[in-house]
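All remarks here apply to the structure that follows.
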Amino acid sequence: MAASPPLRVIHTVCSHDCPDSCAVLVTVNEEGRAVKVEGDPSQPVTRGFLCGKVAKYLDRVYAPDRVLYPMRRKSGVAKAPLQRGHELEAFERVSWDEALDAIAARLQDTSDRYGPESILPYSYAGTIGVLGYGSMDRRFFHRLGGSQLDRTICSEAGGQAWNLVYGKKFGMPTEDFRLAKLILAWGANIHGNNIHLWPFVEEARRNGARLIVIDPYRTRTAAVADWHIAIRPGTDAALALGLMHVILNEGLEDRAYIAEMTHGFEQLAERAREYTPQRVAAWTGMTAGEIEQLAREYATTRPAALRLNYGVQRAENGGAAVRAIAMLPALTGAWKTRGGGGQLSTSGAFAWDKKALERPDLAQASPLGRLARLVNMSALGQALTELGQARDQGSGNSHPSEQRSFAGDPGREQKNGSEGATEQDDGPAVHALFVYNSNPGAVAPNHNAVRRGLERDDLFTVVHEQFFTDTTDYADFVLPATTFLEHTDVQGAYGHYFVQLSQQAIEPRGEARSNVWLFGQLAQRMGFSEACFRDTPEEMIRQALAIGADGHSTNAGMEHITVEELEREGHVPLAFHSNPDVRPFLPYTAGPLATPSGKIEFYSEALAAAGLDPLPGFVPPVESRWGEMAKQYPLELLARKSDNYMNSTFANLPGHRKMEARTSQRLEMHPEDAKARGVGEGDMVRVFNDRGAIELTAMLNAHLPAGVVAARLDWAKLNSGGVNVNALTSERLTDIGGGATFYSTLVEVRKAGNRD
Ligand code: SF4
């Protein structure tokens with residue numbers, strides 16, 4: 001009898017939207033089936049373990065309800081929420097050929113009738129692999145002339161804010177947190193969604209470090225901190241400026257570092273003088289003494305590490321908040337000491353050759369002959385229900401030679417709380433929506449507006465997905481998508497400094513296909529003859545790395561990397577991080593930086609020239625206890641994320657739902673707020689504002705600041721009533737970057753049955 005081939009172990013990378021980008025080893029048996037996923041112990045940051053979301057990943061890959069074949073909506077079935085488990089009744093299986101032919105024909109017809117910009121791609125970080133996130137898809141839509149999506153929903157406000165201060169998103173290496181003596185986690189639930197930082201935090205604490213957490217919600221991380229400071233939502237900028245006030249008042253700043261590395265110190269100092277501890281206490285809910293204590297502790301402990309995460313910037317003034325917080329380690333010179341400084345993201349260190357991957361030059365060959373307009377994904381409801389409607393009814397199709405934008409104009413920065421709509425001619429209405437790597441039916445703000453848009457009979461919607469979701473319910477075609485075990489990709493990270501290769505471990509299940517395959521095929525059906533649409537993933541990885549004649553990458557920081565080394569090792573550090581104990585990486589300690597002044601910018605001349613506030617300041621959110629709207633809707637809602645889901649990903653899996661059962665369909669309320677409304681533990685309550693309503697079960701939580709309520713994001717179709725917390729959130733945009741403002745939401749609460 002012939003011997004069975006041995007088990008194979010393949011190096012892959014978790015591509016879910018998480019800073020950790022874990023190295024994952026997949027064991028595959030002789031039948032080609034994955035039988036084990038585990039962390040790669042040789043990866044220096046992710047060190048051989050996986051989070052609870054991915055540890056049982058095979059439950060996801062082999063889930064019985066995976067979408068495995070192309071599906072077409074049955075004739076006559078209206079677009080509306082479908083009962084979970086009954087989706088197949090609305091769709092019929094078709095072949096890939098039928099699906100691709102029909103989709104290509106419909107996109108061509110839409111382009112001819114309304115102009116190519118009437119076609120809108122909608123994707124985000126359902127996969128953060130370099131190819132899967134943005135490569136062949138971008139080529140396809142550039143060549144087509146489809147609208148460009150302004151991908152703002154998650155991190156753009158914070159990212160732009162950080163870059164205004166530092167030029168690029170670098171941060172202290174994750175491994176160096178172990179050397180800190182103070183760790184300030186600001187809006188960072190390390191335990192929940194950055195778990196590979198946690199062992200370094202624990203090591204630091206064993207060596208005497210204190211962990212301070214600033215977060216309105218008592219997260220798992222906050223619960224085990226030495227000090228949890230539950231400030232009111234949206235008051236982070238005020239607190240950061242208050243800390244600066246104390247630091248400067250007491251002479252705790254690092255004058256030598258400031259003189260050498262920063263720009264605009266005098267102006268910042270003048271601004272910070274306004275933020276006395278007493279004023280800041282009134283906004284944040286802290287005492288003046290606590291603000292002074294925090295400032296002294298932060299400024300006098302060496303090394304002091306700041307872990308800032310993106311929750312902070314999902315408020316109307318989130319950009320200003322991130323700018324102000326990011327300035328703290330520059331003021332105290334914390335960057336100078338290994339184990340000190342801060343980290344929002346490390347993504348700025350990965351200099352992928354995006355031009356080669358995305359080919360924006362293909363837009364010249366589109367019917368527009370230019371780059372298409374930008375449409376802001378954080379205002380999808382408006383984009384589907386308001387954008388271009390009047391124009392469509394009036395002048396019909398035209399292709400102006402100028403690029404326009406819909407709520408995606410970078411010039412809007414720092415217009416606090418601007419609504420997405422613009423008065424100018426924004427171009428045609430959206431007539432075709434192509435969704436991949438995302439589930440806007442669950443995650444986009446202002447769910448009811450999004451749903452009205454998705455229900456439009458005249459909107460042609462394609463969704464490339466692994467499961468039937470809140471978005472596929474409205475699709476004309478559902479196309480089966482691969483998981484990271486089923487395709488090849490290359491990946492950086494936003495929580496460490498390693499380039500990693502993710503090799504295909506198993507054959508795709510059913511007829512699932514990758515993004516690269518899908519958009520390459522579709523391009524060929526559309527008659528796009530450019531050779532780049534036939535590139536293989538392996539060729540595209542070489543393009544992303546800009547492999548030169550000698551076989552090495554020519555990207556900055558990757559010059560030592562070859563594809564062969566990646567295949568052999570699985571993960572390779574960026575050059576500056578290749579020998580940290582001999583040559584530690586201390587970001588922002590030598591210039592020039594990638595800012596206009598070449599220095600850390602406390603004061604931004606660029607913002608001043610644009611007529612915007614060049615300094616960080618605190619402007620209370622329109623939707624906060626200080627706004628007019630609070631008279632009618634006095635409670636501040638935290639529409640928070642789950643620890644065990646990735647936004648809406650994983651929420652359909654029974655094991656993950658079980659881990660989140662404690663807060664499932666619950667509204668967490670401070671006991672005083674509950675009492676004032678006659679609400680008790682376990683009562684059904686109606687949470688509402690002008691945008692929508694949701695019924696949840698009250699759960700008292702004295703750790704929340706009074707006046708703040710919290711509820712978790714979930715799939716709408718898995719909630720009783722068929723809506724989720726995004727029925728309450730708005731499409732108002734952040735002050736910088738046009739991001740979503742999930743954490744600036746006002747609501748009122750009544751016991752269910754009591755009408756408002
Ligand atoms: S979700 Fe994050 S922590 Fe979990 S396996 Fe993926 S990269 Fe690692």
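Identifiers in this document derive from the order of the structure tokens: chains are assigned A, B, ..., residues are numbered from 1 separately in each chain, and ligands are numbered from 1 in order of occurrence.
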* To do: Please identify all polymer residues within 12 Å of A:Val679, counting only C-alpha atoms, omitting same-chain residues fewer than 4 positions from it, and present them as a ChimeraX atom specification.
  => /A:667-675,683-686,696-700,749-754
What are the closest atom pairs, with distances in Å to one decimal, for each residue of chain A lying within 8 Å of ligand 1, using only C-alpha atoms and all ligand atoms, rows by chain and rising residue number, as a Markdown table?
```
| residue | atom | partner | partner_atom_place_in_ligand_line | distance |
| --- | --- | --- | --- | --- |
| A:Val13 | CA | ligand 1 | 7 (S) | 7.6 |
| A:Cys14 | CA | ligand 1 | 6 (Fe) | 4.5 |
| A:Ser15 | CA | ligand 1 | 6 (Fe) | 6.4 |
| A:His16 | CA | ligand 1 | 1 (S) | 5.4 |
| A:Asp17 | CA | ligand 1 | 1 (S) | 6.8 |
| A:Cys18 | CA | ligand 1 | 2 (Fe) | 4.5 |
| A:Pro19 | CA | ligand 1 | 2 (Fe) | 6.4 |
| A:Asp20 | CA | ligand 1 | 7 (S) | 4.4 |
| A:Ser21 | CA | ligand 1 | 7 (S) | 3.8 |
| A:Cys22 | CA | ligand 1 | 8 (Fe) | 4.2 |
| A:Ala23 | CA | ligand 1 | 8 (Fe) | 7.6 |
| A:Val24 | CA | ligand 1 | 5 (S) | 7.6 |
| A:Gly39 | CA | ligand 1 | 5 (S) | 7.8 |
| A:Thr46 | CA | ligand 1 | 8 (Fe) | 7.1 |
| A:Phe49 | CA | ligand 1 | 5 (S) | 7.8 |
| A:Leu50 | CA | ligand 1 | 5 (S) | 4.5 |
| A:Cys51 | CA | ligand 1 | 4 (Fe) | 4.1 |
| A:Gly52 | CA | ligand 1 | 4 (Fe) | 6.7 |
| A:Lys53 | CA | ligand 1 | 4 (Fe) | 5.7 |
| A:Val54 | CA | ligand 1 | 5 (S) | 4.8 |
| A:Ala55 | CA | ligand 1 | 5 (S) | 6.9 |
| A:Asn193 | CA | ligand 1 | 3 (S) | 6.7 |
| A:Asn194 | CA | ligand 1 | 3 (S) | 6.2 |
| A:Ile195 | CA | ligand 1 | 3 (S) | 5.7 |
| A:His196 | CA | ligand 1 | 3 (S) | 6.5 |
| A:Met646 | CA | ligand 1 | 1 (S) | 7.3 |
```
Excluding same-chain residues fewer than 4 positions from stretch 578-583 of chain A, what lies within 12 Å of it counting only C-alpha atoms, as a short mmCIF file (atom, residue, chain, number, x, y, z; two decimals) with C-alpha atoms, in the first residue's frame?
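File written: out_37.cif
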```
data_model
loop_
_atom_site.label_atom_id
_atom_site.label_comp_id
_atom_site.auth_asym_id
_atom_site.auth_seq_id
_atom_site.Cartn_x
_atom_site.Cartn_y
_atom_site.Cartn_z
CA PRO A 44 8.58 37.95 17.33
CA MET A 172 7.46 52.82 18.89
CA PRO A 173 7.98 49.09 18.19
CA THR A 174 5.36 46.92 19.87
CA GLU A 175 8.06 44.79 21.47
CA ASP A 176 9.45 47.88 23.26
CA ARG A 338 13.54 53.16 24.24
CA GLY A 339 10.25 51.94 25.65
CA TYR A 497 7.21 46.06 11.59
CA PHE A 498 7.25 42.72 9.74
CA VAL A 499 6.53 42.00 6.07
CA GLY A 557 13.00 49.90 4.19
CA MET A 558 12.49 46.66 2.25
CA GLU A 559 15.72 46.67 0.20
CA HIS A 560 16.98 43.53 1.93
CA ILE A 561 13.80 41.55 1.18
CA HIS A 571 8.06 37.04 7.95
CA VAL A 572 10.95 39.48 7.60
CA PRO A 573 11.45 42.69 9.63
CA LEU A 574 11.77 46.05 7.95
#
```
Quick one: residues within 7 Å of stretch 701-716 of chain A, only C-alpha atoms, excluding same-chain residues fewer than 5 positions away - as a tab-separated table (two decimals) with C-alpha atoms, in the first residue's frame?
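The resulting file, result_15.tsv, is shown below:
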```
chain	number	residue	atom	x	y	z
A	216	PRO	CA	-15.44	56.13	28.57
A	217	TYR	CA	-16.25	52.41	28.63
A	218	ARG	CA	-14.83	49.95	31.15
A	230	ALA	CA	-13.75	57.08	32.30
A	232	ARG	CA	-17.05	61.57	28.77
A	442	ALA	CA	-24.46	46.44	9.16
A	470	ASP	CA	-27.04	42.31	6.06
A	635	LEU	CA	-27.95	60.58	26.44
A	636	GLU	CA	-24.59	60.08	24.71
A	637	LEU	CA	-24.47	56.68	22.99
A	638	LEU	CA	-21.31	54.63	22.62
A	639	ALA	CA	-22.06	52.43	19.61
A	640	ARG	CA	-19.19	50.21	20.55
A	641	LYS	CA	-17.41	47.27	18.94
A	642	SER	CA	-17.31	43.71	20.23
A	648	SER	CA	-19.51	42.65	11.85
A	651	ALA	CA	-20.93	37.79	14.34
A	666	ARG	CA	-28.32	45.03	25.74
A	667	LEU	CA	-28.31	48.72	26.44
A	668	GLU	CA	-25.87	49.49	29.23
A	669	MET	CA	-27.05	52.42	31.35
A	670	HIS	CA	-25.78	54.22	34.40
A	671	PRO	CA	-28.15	53.42	37.30
A	672	GLU	CA	-29.01	57.12	37.74
A	673	ASP	CA	-30.06	57.46	34.09
A	722	GLY	CA	-33.95	43.73	12.25
A	723	VAL	CA	-31.92	46.86	13.09
A	724	ASN	CA	-28.66	47.49	14.88
A	725	VAL	CA	-27.11	50.47	16.67
```
message: For A:Val463, find every residue with an atom within 7 Å (counting only C-alpha atoms), except residues of its own chain fewer than 4 positions away, and show them as an MDAnalysis selection string.
response: chainID A and resid 434:436 472 475 477:479
Practice problem: Find the residues near stretch 237-243 of chain A: any atom within 7 Å, counting only C-alpha atoms, skip ones fewer than 3 places away on the same chain, and give them as a list in words. | Solution: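 My reading of the contact set: Val246, Ile247, Ala272, Tyr275, Thr276, Pro277, Val280, Thr284, Ile291, Ala295, Ala320, Ala321, Ala324, Ile325, Gly617 and Phe618 of chain A.
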Keeping only all heavy atoms, write the selected residues as a short mmCIF file (atom, residue, chain, number, x, y, z; two decimals), in the first residue's frame.
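File produced: part-v8.cif:
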```cif
data_model
loop_
_atom_site.label_atom_id
_atom_site.label_comp_id
_atom_site.auth_asym_id
_atom_site.auth_seq_id
_atom_site.Cartn_x
_atom_site.Cartn_y
_atom_site.Cartn_z
N VAL A 246 -0.88 71.58 32.43
CA VAL A 246 -0.19 71.25 33.69
C VAL A 246 1.30 71.02 33.44
O VAL A 246 2.16 71.53 34.18
CB VAL A 246 -0.84 70.01 34.35
CG1 VAL A 246 -0.10 69.63 35.63
CG2 VAL A 246 -2.32 70.26 34.63
N ILE A 247 1.61 70.28 32.40
CA ILE A 247 3.02 69.98 32.09
C ILE A 247 3.81 71.28 31.91
O ILE A 247 4.90 71.45 32.47
CB ILE A 247 3.10 69.09 30.82
CG1 ILE A 247 2.58 67.69 31.14
CG2 ILE A 247 4.53 69.04 30.26
CD1 ILE A 247 2.32 66.82 29.91
N ALA A 272 -2.51 76.07 25.11
CA ALA A 272 -2.69 75.19 26.28
C ALA A 272 -3.00 75.98 27.54
O ALA A 272 -3.66 75.47 28.45
CB ALA A 272 -1.44 74.33 26.48
N TYR A 275 -6.52 75.93 28.78
CA TYR A 275 -7.13 74.68 29.25
C TYR A 275 -6.73 74.37 30.68
O TYR A 275 -5.99 73.43 30.95
CB TYR A 275 -6.78 73.55 28.27
CG TYR A 275 -7.52 73.70 26.96
CD1 TYR A 275 -7.05 74.56 25.97
CD2 TYR A 275 -8.72 73.04 26.74
CE1 TYR A 275 -7.73 74.74 24.78
CE2 TYR A 275 -9.43 73.21 25.56
CZ TYR A 275 -8.93 74.06 24.58
OH TYR A 275 -9.63 74.24 23.41
N THR A 276 -7.25 75.16 31.60
CA THR A 276 -6.94 74.94 33.01
C THR A 276 -7.57 73.63 33.48
O THR A 276 -8.59 73.18 32.92
CB THR A 276 -7.51 76.08 33.87
OG1 THR A 276 -8.94 76.05 33.71
CG2 THR A 276 -6.97 77.44 33.44
N PRO A 277 -7.00 73.02 34.49
CA PRO A 277 -7.59 71.77 35.00
C PRO A 277 -9.06 71.95 35.38
O PRO A 277 -9.87 71.04 35.19
CB PRO A 277 -6.72 71.45 36.22
CG PRO A 277 -5.40 72.08 35.93
CD PRO A 277 -5.71 73.34 35.16
N VAL A 280 -11.16 71.88 32.17
CA VAL A 280 -11.12 70.54 31.57
C VAL A 280 -11.91 69.55 32.42
O VAL A 280 -12.58 68.65 31.90
CB VAL A 280 -9.65 70.10 31.38
CG1 VAL A 280 -9.57 68.64 30.94
CG2 VAL A 280 -8.96 71.00 30.35
N THR A 284 -14.66 66.89 31.01
CA THR A 284 -14.35 65.45 30.99
C THR A 284 -15.07 64.66 32.08
O THR A 284 -15.22 63.45 31.96
CB THR A 284 -12.84 65.23 31.20
OG1 THR A 284 -12.46 65.84 32.45
CG2 THR A 284 -12.02 65.82 30.07
N ILE A 291 -6.60 65.43 36.94
CA ILE A 291 -5.92 65.89 35.72
C ILE A 291 -4.46 66.24 36.04
O ILE A 291 -3.54 65.87 35.31
CB ILE A 291 -6.69 67.09 35.11
CG1 ILE A 291 -8.06 66.62 34.61
CG2 ILE A 291 -5.89 67.74 33.97
CD1 ILE A 291 -9.07 67.71 34.40
N ALA A 295 -1.13 64.28 34.58
CA ALA A 295 -0.10 65.03 33.84
C ALA A 295 1.27 64.82 34.47
O ALA A 295 2.26 64.56 33.77
CB ALA A 295 -0.46 66.52 33.82
N ALA A 320 -8.96 66.55 15.92
CA ALA A 320 -8.28 67.45 16.87
C ALA A 320 -7.83 66.67 18.10
O ALA A 320 -6.75 66.93 18.65
CB ALA A 320 -9.22 68.58 17.28
N ALA A 321 -8.64 65.70 18.52
CA ALA A 321 -8.27 64.91 19.70
C ALA A 321 -6.99 64.13 19.44
O ALA A 321 -6.07 64.14 20.26
CB ALA A 321 -9.42 63.96 20.07
N ALA A 324 -3.96 66.41 19.34
CA ALA A 324 -3.54 66.87 20.66
C ALA A 324 -2.86 65.75 21.45
O ALA A 324 -1.80 65.95 22.04
CB ALA A 324 -4.75 67.41 21.43
N ILE A 325 -3.45 64.56 21.43
CA ILE A 325 -2.86 63.44 22.19
C ILE A 325 -1.49 63.09 21.61
O ILE A 325 -0.53 62.84 22.34
CB ILE A 325 -3.81 62.22 22.17
CG1 ILE A 325 -5.14 62.56 22.85
CG2 ILE A 325 -3.16 61.02 22.85
CD1 ILE A 325 -6.25 61.55 22.56
N GLY A 617 -7.67 72.15 19.32
CA GLY A 617 -8.54 72.80 20.30
C GLY A 617 -9.71 71.88 20.58
O GLY A 617 -9.95 70.92 19.85
N PHE A 618 -10.44 72.18 21.63
CA PHE A 618 -11.60 71.35 21.96
C PHE A 618 -12.87 72.08 21.54
O PHE A 618 -13.16 73.18 22.03
CB PHE A 618 -11.66 71.06 23.46
CG PHE A 618 -12.94 70.37 23.88
CD1 PHE A 618 -13.23 69.10 23.41
CD2 PHE A 618 -13.85 71.01 24.72
CE1 PHE A 618 -14.42 68.46 23.77
CE2 PHE A 618 -15.04 70.37 25.08
CZ PHE A 618 -15.32 69.10 24.61
#
```
Give me, as a tab-separated table, the closest atom pair and its distance (Å, one decimal) for every residue of stretch 581-669 of chain A within a cut-off of 12 Å of stretch 345-366 of chain A, counting only C-alpha atoms, rows sorted by chain and rising number.
```
residue	atom	partner	partner_atom	distance
A:Phe585	CA	A:Ala349	CA	11.8
A:Pro587	CA	A:Thr346	CA	10.5
A:Ala594	CA	A:Gly348	CA	10.8
```
Output file for the selection above: N, CA and C atoms, as a PDB file, in the first residue's frame:
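Saved file out.pdb follows:
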```pdb
ATOM      1  N   PHE A 585      14.939  51.097  17.251  1.00  0.00           N
ATOM      2  CA  PHE A 585      14.270  52.111  16.429  1.00  0.00           C
ATOM      3  C   PHE A 585      13.608  53.131  17.347  1.00  0.00           C
ATOM      4  N   PRO A 587      11.595  56.321  16.749  1.00  0.00           N
ATOM      5  CA  PRO A 587      11.012  57.214  15.750  1.00  0.00           C
ATOM      6  C   PRO A 587      11.011  58.666  16.214  1.00  0.00           C
ATOM      7  N   ALA A 594       8.603  64.009   7.557  1.00  0.00           N
ATOM      8  CA  ALA A 594       7.842  64.224   6.325  1.00  0.00           C
ATOM      9  C   ALA A 594       6.719  65.243   6.509  1.00  0.00           C
TER      10      ALA A 594
END
```
| stretch 611-664 of chain A: which residues are strand (DSSP E or B) by DSSP, as a list in words? | Leu635, Glu636, Leu637, Leu638, Ala639, Arg640, Met646 and Thr649 of chain A
Practice prompt. Determine which residues of stretch 53-152 of chain A receive a DSSP assignment of alpha helix (DSSP H), computed from the backbone, and state them as a PyMOL selection string.
Written response: chain A and resi 57-61+96-114+130-133+136-144
Grab the atom CA of A:Ala104 to atom CA of A:Val516 distance for me, in Å with one decimal place.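 It comes out at 16.1 Å.
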Query raised in the report: Between A:Thr385, A:Ser720, A:Tyr166, A:Ala505, which has the minimum distance to A:Gly453 (counting only C-alpha atoms)?
Result: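 The answer is A:Thr385, which sits nearest to A:Gly453.
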Restricting to only C-alpha atoms, whichever of A:His263, A:His142, A:Arg205, A:Arg220 is closest to A:Leu615 is A:His263
Of the candidates A:Gln382, A:Thr469, A:Thr554, A:Asn163, which one gets nearest to A:Arg542 if we count only C-alpha atoms?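 Checking each candidate against A:Arg542, we get A:Thr554 as the closest.
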**Message:** I'd like the contact shell of A:Tyr124 - 9 Å cut-off, only C-alpha atoms, skipping same-chain residues fewer than 5 positions apart - returned as a PyMOL selection string.
**Reply:** chain A and resi 133-134+151-154+436-439
From the list A:Leu294, A:Ile231, A:Ala78, A:Ala63, the nearest residue to A:Pro654 using only C-alpha atoms is A:Ala63
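The closest residue to A:Phe650, picked from A:Ala34, A:Phe467, A:Pro116, A:Ala590 and counting only C-alpha atoms, is A:Phe467.
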In Å and to one decimal, atom CA of A:Glu507 is distant from atom CA of A:Thr562 by 25.6 Å
